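Trainee: Following this message is one structure expressed as structure tokens.
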Amino acid sequence: MVARMYYDADTDPAVLNGSRIAVLGYGSQGHAHALNLRDSGYDVRVGLPETSRSRAAAEAEGLRVMTPAEAVAEANVIMVLAPDTAQKALYESEIRDNLEAGDLLLFAHGFTIRFGQITPPAGIDVAMIAPKGPGHLVRRTFVDGQGVPCLVAVEQDATGSAWQRALAYARGIGGTRAGCLRTTFAEETETDLFGEQAVLCGGISNLVKAGFDTLVDAGYQPELAYFEVMHELKLIVDLMYQGGLSYMRYSVSDTAEYGDYVSGPKIVDERTRAAMRGILSDIQDGTFAKRWIAENESGRSDFLEYRDEDHHLQIEQVGADLRRGMSWLGAKTAPGMEHTSDGHREANA
């Protein structure tokens, strides 16, 4: 596929004039989509269960709030922003029977479509608008007159206007200000899962843990090890974010740059690349999806055990203590963690 970017000039916002848009969910992405679309002049309602704690927040912004089923029945453009693991049940109980021919069903991630958790009926458009940033950034940049890049894909074009409507929606949340990259549900899902597992979450977190343990096991102070492998990571990533690898290497010392060239390949060697290929293969053939779906259906026992084990790591305890002394940092505490009397954080049992 040849890369194609879409900007404001490539879209017609009037395509959605008269549309009734339902945003299902009011979390990180949900609040940003609903508010940005409203501020773009569209008719928006939010679909939330009657027991949702987010209803008050949406209503306080002047948004119409109703149950997901009511919102879908009233709308002809529906954006599903529930977590991946909740989408199948939401679709079967609230969405499927309230869809009508010509509706546009939208997702911000392709997981449930790519792996067959949801199979929309013929006669409706199915598309994806996936902002490449968290919801608070989608909202803040929009208010500032800017935007967050998005991935846009069409899985099913029943009306012949799915692309135009999807791009108009992306423009409504500010995506075409920064640029929208055309993709497919399969490409977005597979690359997103791979990026999370091999690099952004799994790769980095395990590299940090291994670096910390190596220094501490060699007799260095845990606090110093934390600064070297965790605290300074943001400084390096910010440089990459601003100007790529070249700008990062330009900005650090020559010693650091030389160490990058000669030592980095010893960490990420052919064994690492082979493991990455294996991870990608498991994503592509559905192995990972089946495992994750089964984990959720069985009560998440392994997932919760993994989380609890990492809550108790020394690097987490040392980091919590150090961050408390950095008032300028805006330190955060993950839900389920609390301070113990000795000053360290411990996971709730």
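Naming works like this for the structure tokens: A, B, ... for the chains as they're shown, residue 1 at the start of each chain, ligands 1 onward in shown order.
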Excluding same-chain residues fewer than 5 positions from region 191-202 of chain A, what lies within 12 Å of it counting only C-alpha atoms, as a ChimeraX atom specification?
Mentor: /A:108-111,114,130-132,151,183-186,207-209,237,268,272-284,286,288-289,292
Trainee: Residues near region 293-300 of chain A, anyone? I mean within 12 Å using only C-alpha atoms, not counting same-chain ones fewer than 4 positions away, as a PyMOL selection string.
Mentor: chain A and resi 83-89+111-112+115-117+286-289+304-307
Trainee: Enumerate, as a PDB file with C-alpha atoms, in the first residue's frame, the complete set of residues in region 137-213 of chain A that a backbone-based DSSP assignment places in helix (DSSP H, G or I).
Mentor:
```
ATOM      1  CA  LEU A 137      -3.919  15.212  24.099  1.00  0.00           C
ATOM      2  CA  VAL A 138      -6.632  14.872  21.438  1.00  0.00           C
ATOM      3  CA  ARG A 139      -8.735  17.341  23.393  1.00  0.00           C
ATOM      4  CA  ARG A 140      -5.973  19.770  24.377  1.00  0.00           C
ATOM      5  CA  THR A 141      -4.478  20.087  20.914  1.00  0.00           C
ATOM      6  CA  PHE A 142      -7.935  20.580  19.413  1.00  0.00           C
ATOM      7  CA  VAL A 143      -8.695  23.426  21.822  1.00  0.00           C
ATOM      8  CA  ALA A 162     -17.636   5.537   3.997  1.00  0.00           C
ATOM      9  CA  TRP A 163     -14.260   7.167   3.282  1.00  0.00           C
ATOM     10  CA  GLN A 164     -15.727  10.637   3.020  1.00  0.00           C
ATOM     11  CA  ARG A 165     -17.709  10.235   6.232  1.00  0.00           C
ATOM     12  CA  ALA A 166     -14.789   8.721   8.114  1.00  0.00           C
ATOM     13  CA  LEU A 167     -12.505  11.566   7.061  1.00  0.00           C
ATOM     14  CA  ALA A 168     -15.135  14.135   8.054  1.00  0.00           C
ATOM     15  CA  TYR A 169     -15.311  12.506  11.498  1.00  0.00           C
ATOM     16  CA  ALA A 170     -11.509  12.582  11.740  1.00  0.00           C
ATOM     17  CA  ARG A 171     -11.595  16.260  10.852  1.00  0.00           C
ATOM     18  CA  GLY A 172     -14.254  16.815  13.505  1.00  0.00           C
ATOM     19  CA  GLY A 175      -7.112  14.652  13.155  1.00  0.00           C
ATOM     20  CA  THR A 176      -6.781  16.121   9.660  1.00  0.00           C
ATOM     21  CA  ARG A 177      -5.100  19.207  11.084  1.00  0.00           C
ATOM     22  CA  ALA A 178      -2.085  16.997  11.838  1.00  0.00           C
ATOM     23  CA  PHE A 185      -8.009  -2.702  10.128  1.00  0.00           C
ATOM     24  CA  ALA A 186      -5.549  -5.593   9.878  1.00  0.00           C
ATOM     25  CA  GLU A 187      -2.476  -3.378   9.447  1.00  0.00           C
ATOM     26  CA  GLU A 188      -3.438  -1.045  12.302  1.00  0.00           C
ATOM     27  CA  THR A 189      -4.241  -3.883  14.688  1.00  0.00           C
ATOM     28  CA  GLU A 190      -1.177  -5.985  13.967  1.00  0.00           C
ATOM     29  CA  THR A 191       1.306  -3.101  14.076  1.00  0.00           C
ATOM     30  CA  ASP A 192      -0.310  -1.594  17.177  1.00  0.00           C
ATOM     31  CA  LEU A 193      -0.129  -4.869  19.113  1.00  0.00           C
ATOM     32  CA  PHE A 194       3.425  -5.489  17.944  1.00  0.00           C
ATOM     33  CA  GLY A 195       4.557  -1.984  18.919  1.00  0.00           C
ATOM     34  CA  GLU A 196       3.047  -2.345  22.385  1.00  0.00           C
ATOM     35  CA  GLN A 197       4.478  -5.786  23.050  1.00  0.00           C
ATOM     36  CA  ALA A 198       7.898  -5.667  21.419  1.00  0.00           C
ATOM     37  CA  VAL A 199       8.896  -2.040  21.991  1.00  0.00           C
ATOM     38  CA  LEU A 200       6.657   0.498  23.694  1.00  0.00           C
ATOM     39  CA  GLY A 202       6.847  -5.024  26.833  1.00  0.00           C
ATOM     40  CA  GLY A 203      10.226  -4.259  25.292  1.00  0.00           C
ATOM     41  CA  ILE A 204      10.994  -1.071  27.201  1.00  0.00           C
ATOM     42  CA  SER A 205       9.651  -2.171  30.578  1.00  0.00           C
ATOM     43  CA  ASN A 206      11.681  -5.381  30.515  1.00  0.00           C
ATOM     44  CA  LEU A 207      14.790  -3.570  29.277  1.00  0.00           C
ATOM     45  CA  VAL A 208      14.456  -1.108  32.168  1.00  0.00           C
ATOM     46  CA  LYS A 209      13.938  -3.890  34.709  1.00  0.00           C
ATOM     47  CA  ALA A 210      16.927  -5.838  33.387  1.00  0.00           C
ATOM     48  CA  GLY A 211      19.168  -2.762  33.437  1.00  0.00           C
ATOM     49  CA  PHE A 212      18.122  -1.908  36.997  1.00  0.00           C
ATOM     50  CA  ASP A 213      18.718  -5.463  38.228  1.00  0.00           C
TER      51      ASP A 213
END
```
Trainee: Take CA of Ser301 (chain A) and CA of Val318 (chain A) and report the distance between them in Å, one decimal.
Mentor: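 Answer for the CA of Ser301 (chain A) to CA of Val318 (chain A) separation: 26.9 Å.
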Trainee: From the options A:Arg38, A:Arg249, A:Arg53, A:Arg271, which residue's atoms come nearest to Gly174 (chain A), counting only C-alpha atoms?
Mentor: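 When distances to Gly174 (chain A) are compared using only C-alpha atoms, the smallest one comes from A:Arg38.
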Trainee: What separation in Å, quoted to one decimal, exists between CA of Ile21 (chain A) and CA of Leu105 (chain A)?
Mentor: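 So the two atoms, CA of Ile21 (chain A) and CA of Leu105 (chain A), lie 10.1 Å apart.
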Trainee: When DSSP is applied to the backbone of this structure, which of region 77-209 of chain A are assigned strand (DSSP E)? Write them out as a VMD selection string.
Mentor: chain A and resid 77 to 80 104 to 107 125 to 131 150 to 156 180 to 182
Trainee: A:His136, A:Arg20, A:Arg291, A:His312: which is nearest Asp43 (chain A), counting only C-alpha atoms?
Mentor: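 Of A:His136, A:Arg20, A:Arg291, A:His312, the one nearest Asp43 (chain A) is A:Arg20, counting only C-alpha atoms.
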Trainee: In Å, how far is it from CA of Ser28 (chain A) to CA of Gly147 (chain A)?
Mentor: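 Separating CA of Ser28 (chain A) from CA of Gly147 (chain A) is a distance of 15.6 Å.
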